>>> print(open('data04.pdb').read())   # PDB, C-alpha atoms and all ligand atoms
ATOM      1  CA  MET A   1    -271.485 -20.062 -98.394
ATOM      2  CA  ALA A   2    -273.946 -21.620-100.804
ATOM      3  CA  VAL A   3    -273.531 -25.316-101.399
ATOM      4  CA  THR A   4    -274.346 -25.282-105.058
ATOM      5  CA  GLY A   5    -272.756 -27.380-107.751
ATOM      6  CA  VAL A   6    -271.903 -30.278-105.486
ATOM      7  CA  GLY A   7    -273.340 -32.814-107.860
ATOM      8  CA  SER A   8    -272.702 -36.501-108.116
ATOM      9  CA  PRO A   9    -270.418 -37.528-110.928
ATOM     10  CA  GLY A  10    -273.286 -38.613-113.145
ATOM     11  CA  GLY A  11    -274.327 -41.935-111.749
ATOM     12  CA  SER A  12    -270.920 -43.641-111.742
ATOM     13  CA  SER A  13    -271.348 -44.709-108.170
ATOM     14  CA  ASP A  14    -268.745 -47.373-107.812
ATOM     15  CA  ALA A  15    -265.101 -47.632-106.938
ATOM     16  CA  ALA A  16    -264.186 -46.045-110.291
ATOM     17  CA  ALA A  17    -265.877 -42.810-109.280
ATOM     18  CA  ALA A  18    -264.046 -42.888-105.965
ATOM     19  CA  THR A  19    -260.804 -43.187-107.904
ATOM     20  CA  VAL A  20    -261.688 -40.143-109.984
ATOM     21  CA  VAL A  21    -262.255 -38.111-106.832
ATOM     22  CA  ALA A  22    -259.111 -39.474-105.241
ATOM     23  CA  ASP A  23    -257.177 -38.467-108.358
ATOM     24  CA  ALA A  24    -258.706 -34.982-108.271
ATOM     25  CA  LEU A  25    -257.638 -34.761-104.648
ATOM     26  CA  GLY A  26    -254.110 -35.779-105.437
ATOM     27  CA  GLY A  27    -254.735 -39.350-104.330
ATOM     28  CA  SER A  28    -255.090 -38.292-100.716
ATOM     29  CA  LEU A  29    -258.551 -39.762-100.035
ATOM     30  CA  GLU A  30    -258.301 -42.933 -98.003
ATOM     31  CA  PRO A  31    -259.340 -46.000-100.028
ATOM     32  CA  GLU A  32    -262.585 -47.540 -98.895
ATOM     33  CA  PRO A  33    -261.894 -50.107 -96.147
ATOM     34  CA  ALA A  34    -263.385 -53.586 -96.546
ATOM     35  CA  ALA A  35    -265.422 -53.011 -93.396
ATOM     36  CA  ALA A  36    -267.546 -50.413 -95.200
ATOM     37  CA  GLN A  37    -269.335 -52.992 -97.345
ATOM     38  CA  THR A  38    -269.953 -55.187 -94.298
ATOM     39  CA  LEU A  39    -271.271 -52.302 -92.245
ATOM     40  CA  PHE A  40    -273.441 -50.525 -94.800
ATOM     41  CA  GLY A  41    -274.595 -53.506 -96.892
ATOM     42  CA  GLU A  42    -277.040 -52.511 -99.603
ATOM     43  CA  GLN A  43    -276.808 -48.846 -98.562
ATOM     44  CA  ILE A  44    -273.106 -48.696 -99.439
ATOM     45  CA  GLU A  45    -273.590 -46.663-102.624
ATOM     46  CA  VAL A  46    -275.271 -43.822-100.742
ATOM     47  CA  VAL A  47    -272.471 -43.791 -98.195
ATOM     48  CA  ARG A  48    -269.852 -43.832-100.965
ATOM     49  CA  GLN A  49    -271.508 -40.851-102.578
ATOM     50  CA  TYR A  50    -271.595 -38.958 -99.280
ATOM     51  CA  THR A  51    -267.929 -39.718 -98.654
ATOM     52  CA  ARG A  52    -266.985 -38.543-102.141
ATOM     53  CA  ASP A  53    -268.966 -35.315-101.733
ATOM     54  CA  LEU A  54    -267.446 -34.635 -98.336
ATOM     55  CA  ALA A  55    -263.958 -35.368 -99.673
ATOM     56  CA  GLN A  56    -264.482 -33.063-102.597
ATOM     57  CA  TYR A  57    -266.182 -30.119-100.909
ATOM     58  CA  GLY A  58    -265.742 -30.530 -97.171
ATOM     59  CA  GLU A  59    -262.589 -28.505 -96.780
ATOM     60  CA  GLN A  60    -263.765 -25.718 -99.084
ATOM     61  CA  LEU A  61    -266.978 -25.442 -97.060
ATOM     62  CA  GLY A  62    -265.146 -25.520 -93.739
ATOM     63  CA  LEU A  63    -266.693 -28.852 -92.753
ATOM     64  CA  ILE A  64    -263.528 -30.903 -92.365
ATOM     65  CA  GLY A  65    -259.888 -30.044 -91.919
ATOM     66  CA  PRO A  66    -257.244 -30.578 -94.598
ATOM     67  CA  LEU A  67    -255.731 -33.502 -92.697
ATOM     68  CA  GLU A  68    -258.904 -35.563 -92.664
ATOM     69  CA  LEU A  69    -258.901 -36.945 -96.224
ATOM     70  CA  PRO A  70    -256.402 -39.745 -95.558
ATOM     71  CA  ARG A  71    -258.646 -40.971 -92.733
ATOM     72  CA  LEU A  72    -262.074 -39.888 -93.910
ATOM     73  CA  TRP A  73    -263.461 -43.404 -94.150
ATOM     74  CA  SER A  74    -261.996 -44.972 -91.035
ATOM     75  CA  ARG A  75    -261.937 -42.042 -88.617
ATOM     76  CA  HIS A  76    -265.200 -40.435 -89.634
ATOM     77  CA  VAL A  77    -267.576 -42.378 -91.896
ATOM     78  CA  ILE A  78    -267.105 -45.861 -90.448
ATOM     79  CA  ASN A  79    -266.792 -44.474 -86.945
ATOM     80  CA  SER A  80    -270.216 -42.857 -87.425
ATOM     81  CA  GLY A  81    -271.727 -45.913 -89.095
ATOM     82  CA  LEU A  82    -270.867 -48.164 -86.166
ATOM     83  CA  LEU A  83    -273.824 -46.583 -84.357
ATOM     84  CA  ALA A  84    -276.306 -47.732 -86.997
ATOM     85  CA  PRO A  85    -277.122 -51.134 -85.431
ATOM     86  CA  LEU A  86    -278.007 -49.397 -82.144
ATOM     87  CA  LEU A  87    -280.762 -47.290 -83.691
ATOM     88  CA  LYS A  88    -284.392 -48.291 -83.408
ATOM     89  CA  PRO A  89    -287.042 -47.408 -85.965
ATOM     90  CA  GLY A  90    -288.423 -44.027 -84.932
ATOM     91  CA  ARG A  91    -287.259 -40.422 -84.538
ATOM     92  CA  VAL A  92    -283.568 -39.993 -83.817
ATOM     93  CA  GLY A  93    -281.988 -36.582 -83.283
ATOM     94  CA  ASP A  94    -278.335 -35.945 -84.073
ATOM     95  CA  ILE A  95    -277.076 -32.997 -82.062
ATOM     96  CA  GLY A  96    -274.356 -30.836 -83.648
ATOM     97  CA  SER A  97    -274.303 -32.743 -86.945
ATOM     98  CA  GLY A  98    -271.712 -30.481 -88.555
ATOM     99  CA  ALA A  99    -270.742 -32.158 -91.826
ATOM    100  CA  GLY A 100    -273.317 -34.906 -91.216
ATOM    101  CA  LEU A 101    -271.329 -37.050 -88.801
ATOM    102  CA  PRO A 102    -272.950 -39.189 -87.698
ATOM    103  CA  GLY A 103    -276.373 -37.868 -88.824
ATOM    104  CA  LEU A 104    -276.172 -38.238 -92.603
ATOM    105  CA  VAL A 105    -274.228 -41.486 -92.406
ATOM    106  CA  LEU A 106    -276.906 -42.932 -90.118
ATOM    107  CA  ALA A 107    -279.717 -41.663 -92.345
ATOM    108  CA  ALA A 108    -278.053 -43.440 -95.256
ATOM    109  CA  ALA A 109    -277.442 -46.626 -93.284
ATOM    110  CA  ARG A 110    -280.918 -46.771 -91.712
ATOM    111  CA  PRO A 111    -283.705 -45.709 -94.088
ATOM    112  CA  ASP A 112    -286.214 -46.973 -91.489
ATOM    113  CA  VAL A 113    -285.198 -44.214 -89.068
ATOM    114  CA  THR A 114    -286.096 -40.520 -89.356
ATOM    115  CA  MET A 115    -282.945 -38.543 -88.589
ATOM    116  CA  ILE A 116    -283.438 -35.023 -87.250
ATOM    117  CA  LEU A 117    -280.189 -33.114 -87.603
ATOM    118  CA  ILE A 118    -279.955 -30.274 -85.071
ATOM    119  CA  GLU A 119    -277.170 -27.842 -85.888
ATOM    120  CA  PRO A 120    -276.956 -24.081 -85.207
ATOM    121  CA  MET A 121    -274.579 -22.939 -87.951
ATOM    122  CA  GLU A 122    -276.346 -21.838 -91.136
ATOM    123  CA  ARG A 123    -273.439 -22.754 -93.400
ATOM    124  CA  ARG A 124    -273.639 -26.297 -92.045
ATOM    125  CA  THR A 125    -277.434 -26.588 -92.174
ATOM    126  CA  ASP A 126    -277.274 -25.427 -95.828
ATOM    127  CA  TRP A 127    -274.835 -28.238 -96.519
ATOM    128  CA  LEU A 128    -276.874 -30.817 -94.607
ATOM    129  CA  ARG A 129    -280.090 -29.987 -96.496
ATOM    130  CA  ALA A 130    -278.382 -29.877 -99.880
ATOM    131  CA  GLU A 131    -276.441 -33.073 -99.286
ATOM    132  CA  ALA A 132    -279.510 -34.966 -98.024
ATOM    133  CA  ASP A 133    -281.291 -33.914-101.247
ATOM    134  CA  ARG A 134    -278.387 -34.956-103.453
ATOM    135  CA  LEU A 135    -278.235 -38.339-101.747
ATOM    136  CA  GLY A 136    -281.987 -38.785-102.159
ATOM    137  CA  LEU A 137    -282.459 -39.235 -98.409
ATOM    138  CA  THR A 138    -286.127 -38.692 -97.624
ATOM    139  CA  ASN A 139    -285.675 -39.610 -93.957
ATOM    140  CA  VAL A 140    -283.788 -36.432 -92.970
ATOM    141  CA  GLU A 141    -285.066 -33.272 -91.312
ATOM    142  CA  VAL A 142    -282.674 -30.414 -90.617
ATOM    143  CA  VAL A 143    -283.331 -28.027 -87.732
ATOM    144  CA  ARG A 144    -281.194 -24.930 -87.426
ATOM    145  CA  ALA A 145    -280.912 -24.418 -83.664
ATOM    146  CA  ARG A 146    -278.826 -25.002 -80.630
ATOM    147  CA  ALA A 147    -280.045 -28.137 -78.886
ATOM    148  CA  GLU A 148    -281.087 -26.221 -75.775
ATOM    149  CA  GLU A 149    -283.255 -23.899 -77.871
ATOM    150  CA  ALA A 150    -284.609 -26.426 -80.358
ATOM    151  CA  ASP A 151    -288.372 -26.769 -80.563
ATOM    152  CA  ILE A 152    -288.706 -30.495 -81.266
ATOM    153  CA  SER A 153    -292.081 -32.165 -81.132
ATOM    154  CA  PRO A 154    -292.876 -34.931 -80.466
ATOM    155  CA  TRP A 155    -289.986 -35.915 -78.259
ATOM    156  CA  LEU A 156    -287.244 -37.985 -79.782
ATOM    157  CA  ASP A 157    -286.845 -41.729 -79.332
ATOM    158  CA  GLN A 158    -283.050 -41.501 -79.340
ATOM    159  CA  VAL A 159    -280.371 -38.842 -79.692
ATOM    160  CA  THR A 160    -276.843 -39.173 -81.000
ATOM    161  CA  ALA A 161    -273.888 -36.797 -80.799
ATOM    162  CA  ARG A 162    -270.245 -36.893 -81.805
ATOM    163  CA  ALA A 163    -267.515 -34.405 -80.912
ATOM    164  CA  VAL A 164    -269.935 -31.812 -79.533
ATOM    165  CA  SER A 165    -268.930 -31.496 -75.865
ATOM    166  CA  ALA A 166    -268.038 -33.395 -72.726
ATOM    167  CA  LEU A 167    -270.743 -35.512 -71.090
ATOM    168  CA  SER A 168    -271.289 -33.022 -68.271
ATOM    169  CA  LYS A 169    -272.472 -30.461 -70.841
ATOM    170  CA  LEU A 170    -273.905 -32.833 -73.420
ATOM    171  CA  ILE A 171    -276.351 -34.572 -71.090
ATOM    172  CA  PRO A 172    -278.215 -31.384 -70.063
ATOM    173  CA  LEU A 173    -278.360 -30.316 -73.733
ATOM    174  CA  THR A 174    -279.813 -33.527 -75.039
ATOM    175  CA  VAL A 175    -281.842 -35.375 -72.402
ATOM    176  CA  PRO A 176    -284.697 -32.811 -72.415
ATOM    177  CA  LEU A 177    -285.305 -33.650 -76.087
ATOM    178  CA  VAL A 178    -285.823 -37.372 -75.451
ATOM    179  CA  ARG A 179    -289.030 -39.129 -74.389
ATOM    180  CA  THR A 180    -289.160 -41.245 -71.246
ATOM    181  CA  GLY A 181    -287.773 -44.636 -72.153
ATOM    182  CA  GLY A 182    -285.731 -43.163 -74.998
ATOM    183  CA  GLU A 183    -281.961 -43.296 -75.241
ATOM    184  CA  VAL A 184    -278.905 -41.126 -75.607
ATOM    185  CA  LEU A 185    -276.015 -42.523 -77.684
ATOM    186  CA  PHE A 186    -272.820 -40.517 -77.727
ATOM    187  CA  LEU A 187    -269.734 -41.457 -79.723
ATOM    188  CA  LYS A 188    -266.824 -40.848 -77.404
ATOM    189  CA  GLY A 189    -263.055 -41.118 -77.216
ATOM    190  CA  ALA A 190    -260.775 -43.148 -75.008
ATOM    191  CA  LYS A 191    -261.328 -40.823 -72.013
ATOM    192  CA  VAL A 192    -265.028 -41.543 -71.732
ATOM    193  CA  GLN A 193    -264.616 -43.103 -68.285
ATOM    194  CA  ASP A 194    -263.054 -39.873 -66.988
ATOM    195  CA  GLU A 195    -265.884 -37.880 -68.569
ATOM    196  CA  MET A 196    -268.385 -40.156 -66.896
ATOM    197  CA  ALA A 197    -266.780 -39.691 -63.507
ATOM    198  CA  ALA A 198    -266.852 -35.910 -63.972
ATOM    199  CA  ALA A 199    -270.521 -36.075 -64.989
ATOM    200  CA  ARG A 200    -271.686 -38.216 -62.063
ATOM    201  CA  LYS A 201    -273.893 -35.526 -60.522
ATOM    202  CA  VAL A 202    -275.269 -34.464 -63.901
ATOM    203  CA  ILE A 203    -276.193 -38.078 -64.668
ATOM    204  CA  ALA A 204    -278.078 -38.367 -61.381
ATOM    205  CA  LYS A 205    -279.816 -35.006 -61.818
ATOM    206  CA  HIS A 206    -281.088 -35.811 -65.302
ATOM    207  CA  HIS A 207    -282.614 -39.154 -64.376
ATOM    208  CA  ILE A 208    -280.804 -41.339 -66.821
ATOM    209  CA  ILE A 209    -280.443 -45.007 -66.006
ATOM    210  CA  ASP A 210    -278.829 -48.143 -67.410
ATOM    211  CA  VAL A 211    -275.701 -46.149 -68.137
ATOM    212  CA  GLU A 212    -273.096 -48.136 -70.035
ATOM    213  CA  ILE A 213    -270.033 -47.748 -72.195
ATOM    214  CA  LEU A 214    -269.978 -49.950 -75.279
ATOM    215  CA  GLU A 215    -267.009 -50.652 -77.487
ATOM    216  CA  LEU A 216    -268.118 -50.969 -81.103
ATOM    217  CA  GLY A 217    -266.338 -52.361 -84.132
ATOM    218  CA  ILE A 218    -264.383 -55.138 -82.431
ATOM    219  CA  GLY A 219    -263.314 -57.633 -85.087
ATOM    220  CA  LEU A 220    -264.488 -55.323 -87.850
ATOM    221  CA  VAL A 221    -262.195 -52.305 -87.759
ATOM    222  CA  ASP A 222    -258.784 -51.428 -86.369
ATOM    223  CA  GLU A 223    -260.083 -48.275 -84.714
ATOM    224  CA  THR A 224    -262.903 -49.397 -82.445
ATOM    225  CA  THR A 225    -265.067 -46.712 -80.896
ATOM    226  CA  ARG A 226    -266.704 -46.135 -77.557
ATOM    227  CA  VAL A 227    -270.325 -45.207 -77.077
ATOM    228  CA  PHE A 228    -271.954 -43.805 -73.982
ATOM    229  CA  ARG A 229    -275.483 -45.220 -73.875
ATOM    230  CA  ALA A 230    -278.177 -44.485 -71.311
ATOM    231  CA  THR A 231    -281.957 -44.606 -70.994
ATOM    232  CA  VAL A 232    -284.058 -41.584 -70.029
ATOM    233  CA  ASP A 233    -286.112 -42.459 -66.946
TER     234      ASP A 233
HETATM  235  C1  LIG B   1    -266.662 -30.261 -83.533
HETATM  236  S1  LIG B   1    -268.146 -30.155 -84.436
HETATM  237  C2  LIG B   1    -268.564 -31.866 -84.660
HETATM  238  C3  LIG B   1    -269.465 -32.050 -85.840
HETATM  239  C4  LIG B   1    -269.829 -33.500 -86.130
HETATM  240  N1  LIG B   1    -270.717 -34.031 -85.120
HETATM  241  C5  LIG B   1    -268.598 -34.363 -86.272
HETATM  242  O1  LIG B   1    -268.440 -35.320 -85.510
HETATM  243  O2  LIG B   1    -267.771 -34.085 -87.155
HETATM  244  C6  LIG B   1    -269.337 -29.637 -83.214
HETATM  245  C7  LIG B   1    -270.659 -29.249 -83.834
HETATM  246  O3  LIG B   1    -271.606 -29.037 -82.790
HETATM  247  C8  LIG B   1    -272.336 -27.884 -83.060
HETATM  248  N2  LIG B   1    -272.830 -27.375 -81.763
HETATM  249  C9  LIG B   1    -272.117 -26.749 -80.810
HETATM  250  N3  LIG B   1    -272.902 -26.452 -79.747
HETATM  251  C10 LIG B   1    -274.146 -26.924 -80.050
HETATM  252  C11 LIG B   1    -275.395 -26.918 -79.373
HETATM  253  N4  LIG B   1    -275.528 -26.337 -78.178
HETATM  254  N5  LIG B   1    -276.455 -27.499 -79.965
HETATM  255  C12 LIG B   1    -276.326 -28.082 -81.191
HETATM  256  N6  LIG B   1    -275.162 -28.105 -81.884
HETATM  257  C13 LIG B   1    -274.091 -27.531 -81.321
HETATM  258  C14 LIG B   1    -271.358 -26.963 -83.788
HETATM  259  O4  LIG B   1    -272.009 -25.971 -84.561
HETATM  260  C15 LIG B   1    -270.587 -27.954 -84.629
HETATM  261  O5  LIG B   1    -271.172 -28.147 -85.901
END
>>> encode(input="data04.pdb", output="structure tokens")
Amino acid sequence: MAVTGVGSPGGSSDAAAATVVADALGGSLEPEPAAAQTLFGEQIEVVRQYTRDLAQYGEQLGLIGPLELPRLWSRHVINSGLLAPLLKPGRVGDIGSGAGLPGLVLAAARPDVTMILIEPMERRTDWLRAEADRLGLTNVEVVRARAEEADISPWLDQVTARAVSALSKLIPLTVPLVRTGGEVLFLKGAKVQDEMAAARKVIAKHHIIDVEILELGIGLVDETTRVFRATVD
């Protein structure tokens, strides 16, 4: 499906525009949490625009489910943005970006990082390219490929992934794309410890070290998130 006509509402990029979209959506879009301004700082307007676009067109384009609007900010946008402080200037791949979570949110939050969004589905890569253009993000490259088939050069400094697969599958997909000394950063749910236990042999085989689980968002948001972080040896 072409992603045409998903324009911004003419430069009104503040809370008023969000209200217009919320009204058009029957008031179902979650109001922006206070944490958003803290987290995104001077990049907040870009993130607001992305959230509005996703709210308005995401369901129609098959990017988000109908139940996501009341939790779009907290469950998805802020959850993704919590990774931003962990990125280092350089080339960061986001595997299975889908609607742009976390890839587009991170590109908006960190203009000093080049985000390479690796996603196999054409409908989604069309959206990612069009949305990056609309948001004026010049630090985004979109690669239509499965991670295991992606031809990425030079190697990435870091990779991110969210809701793509369990660690035992995700590690073999992603580690080969990362340079020695680079990092993998995976947003994970409450069962990350179980996933880690199941992936013990995979972790050893793929030579990743300094494995840790971080809890992000403490004191900032109600729904904290867990991140699996490791260094490629
Ligand atoms: C459940 S969606 C999650 C999308 C997004 N990361 C999010 O958190 O909303 C999983 C995404 O991973 C993509 N995907 C699945 N297998 C993949 C692979 N081997 N390499 C890259 N992307 C993959 C799918 O096309 C889909 O867009």
>>> residues_near_ligand(input="data04.pdb", ligand="ligand LIG 1 (chain B)", cutoff="10 Å", atoms="only C-alpha atoms and all ligand atoms", output="JSON list (two decimals) with C-alpha atoms, keeping the file's coordinate frame")
[["chain", "number", "residue", "atom", "x", "y", "z"],
["A", 63, "LEU", "CA", -266.69, -28.85, -92.75],
["A", 64, "ILE", "CA", -263.53, -30.90, -92.36],
["A", 75, "ARG", "CA", -261.94, -42.04, -88.62],
["A", 76, "HIS", "CA", -265.20, -40.44, -89.63],
["A", 77, "VAL", "CA", -267.58, -42.38, -91.90],
["A", 79, "ASN", "CA", -266.79, -44.47, -86.94],
["A", 80, "SER", "CA", -270.22, -42.86, -87.42],
["A", 94, "ASP", "CA", -278.33, -35.94, -84.07],
["A", 95, "ILE", "CA", -277.08, -33.00, -82.06],
["A", 96, "GLY", "CA", -274.36, -30.84, -83.65],
["A", 97, "SER", "CA", -274.30, -32.74, -86.94],
["A", 98, "GLY", "CA", -271.71, -30.48, -88.56],
["A", 99, "ALA", "CA", -270.74, -32.16, -91.83],
["A", 100, "GLY", "CA", -273.32, -34.91, -91.22],
["A", 101, "LEU", "CA", -271.33, -37.05, -88.80],
["A", 102, "PRO", "CA", -272.95, -39.19, -87.70],
["A", 103, "GLY", "CA", -276.37, -37.87, -88.82],
["A", 117, "LEU", "CA", -280.19, -33.11, -87.60],
["A", 118, "ILE", "CA", -279.96, -30.27, -85.07],
["A", 119, "GLU", "CA", -277.17, -27.84, -85.89],
["A", 120, "PRO", "CA", -276.96, -24.08, -85.21],
["A", 121, "MET", "CA", -274.58, -22.94, -87.95],
["A", 122, "GLU", "CA", -276.35, -21.84, -91.14],
["A", 123, "ARG", "CA", -273.44, -22.75, -93.40],
["A", 124, "ARG", "CA", -273.64, -26.30, -92.04],
["A", 125, "THR", "CA", -277.43, -26.59, -92.17],
["A", 143, "VAL", "CA", -283.33, -28.03, -87.73],
["A", 144, "ARG", "CA", -281.19, -24.93, -87.43],
["A", 145, "ALA", "CA", -280.91, -24.42, -83.66],
["A", 146, "ARG", "CA", -278.83, -25.00, -80.63],
["A", 147, "ALA", "CA", -280.04, -28.14, -78.89],
["A", 148, "GLU", "CA", -281.09, -26.22, -75.78],
["A", 149, "GLU", "CA", -283.26, -23.90, -77.87],
["A", 150, "ALA", "CA", -284.61, -26.43, -80.36],
["A", 160, "THR", "CA", -276.84, -39.17, -81.00],
["A", 161, "ALA", "CA", -273.89, -36.80, -80.80],
["A", 162, "ARG", "CA", -270.24, -36.89, -81.81],
["A", 163, "ALA", "CA", -267.52, -34.40, -80.91],
["A", 164, "VAL", "CA", -269.94, -31.81, -79.53],
["A", 165, "SER", "CA", -268.93, -31.50, -75.86],
["A", 169, "LYS", "CA", -272.47, -30.46, -70.84],
["A", 170, "LEU", "CA", -273.90, -32.83, -73.42],
["A", 172, "PRO", "CA", -278.21, -31.38, -70.06],
["A", 173, "LEU", "CA", -278.36, -30.32, -73.73],
["A", 174, "THR", "CA", -279.81, -33.53, -75.04],
["A", 187, "LEU", "CA", -269.73, -41.46, -79.72],
["A", 188, "LYS", "CA", -266.82, -40.85, -77.40]]
>>> residues_around(input="data04.pdb", residues="Leu220 of chain A", least_positions_apart="6", cutoff="9 Å", atoms="only C-alpha atoms", output="ChimeraX atom specification")
/A:34-35,38-39
>>> resolve_selection(input="data04.pdb", expression="the PyMOL selection byres (((chain A and resi 217) around 10) and not hetatm)", output="VMD selection string")
chain A and resid 35 39 78 to 79 81 to 83 214 to 216 218 to 226
>>> resolve_selection(input="data04.pdb", expression="the PyMOL selection byres (((chain A and resi 195) around 12) and not hetatm)", output="list in words")
Ser165, Ala166, Leu167, Ser168, Lys169, Leu170, Ile171, Phe186, Lys188, Gly189, Ala190, Lys191, Val192, Gln193, Asp194, Met196, Ala197, Ala198, Ala199, Arg200, Lys201, Val202, Ile203, Ile213 and Phe228 of chain A
>>> closest_residue(input="data04.pdb", among="A:Val47, A:Leu137, A:Ala130, A:Ala230", to="Thr180 of chain A", atoms="only C-alpha atoms")
A:Ala230
>>> decode(input="data04.pdb", residues="segment 109-130 of chain A", atoms="C-alpha atoms", output="PDB file, in the first residue's frame")
ATOM      1  CA  ALA A 109      15.913  11.567  19.500  1.00  0.00           C
ATOM      2  CA  ARG A 110      19.553  11.234  18.399  1.00  0.00           C
ATOM      3  CA  PRO A 111      20.391  13.273  15.287  1.00  0.00           C
ATOM      4  CA  ASP A 112      24.079  12.470  15.922  1.00  0.00           C
ATOM      5  CA  VAL A 113      23.477   8.786  15.164  1.00  0.00           C
ATOM      6  CA  THR A 114      22.882   7.263  11.720  1.00  0.00           C
ATOM      7  CA  MET A 115      20.007   4.807  12.069  1.00  0.00           C
ATOM      8  CA  ILE A 116      19.894   1.963   9.554  1.00  0.00           C
ATOM      9  CA  LEU A 117      16.437   0.423   9.604  1.00  0.00           C
ATOM     10  CA  ILE A 118      16.504  -3.200   8.420  1.00  0.00           C
ATOM     11  CA  GLU A 119      13.042  -4.531   7.656  1.00  0.00           C
ATOM     12  CA  PRO A 120      11.963  -7.147   5.079  1.00  0.00           C
ATOM     13  CA  MET A 121       8.355  -6.130   4.419  1.00  0.00           C
ATOM     14  CA  GLU A 122       7.964  -3.710   1.508  1.00  0.00           C
ATOM     15  CA  ARG A 123       4.814  -2.110   2.897  1.00  0.00           C
ATOM     16  CA  ARG A 124       6.761  -1.258   6.044  1.00  0.00           C
ATOM     17  CA  THR A 125       9.917  -0.060   4.281  1.00  0.00           C
ATOM     18  CA  ASP A 126       7.702   2.230   2.141  1.00  0.00           C
ATOM     19  CA  TRP A 127       6.287   3.690   5.334  1.00  0.00           C
ATOM     20  CA  LEU A 128       9.693   4.031   6.988  1.00  0.00           C
ATOM     21  CA  ARG A 129      11.187   5.907   4.013  1.00  0.00           C
ATOM     22  CA  ALA A 130       8.167   8.159   3.584  1.00  0.00           C
TER      23      ALA A 130
END
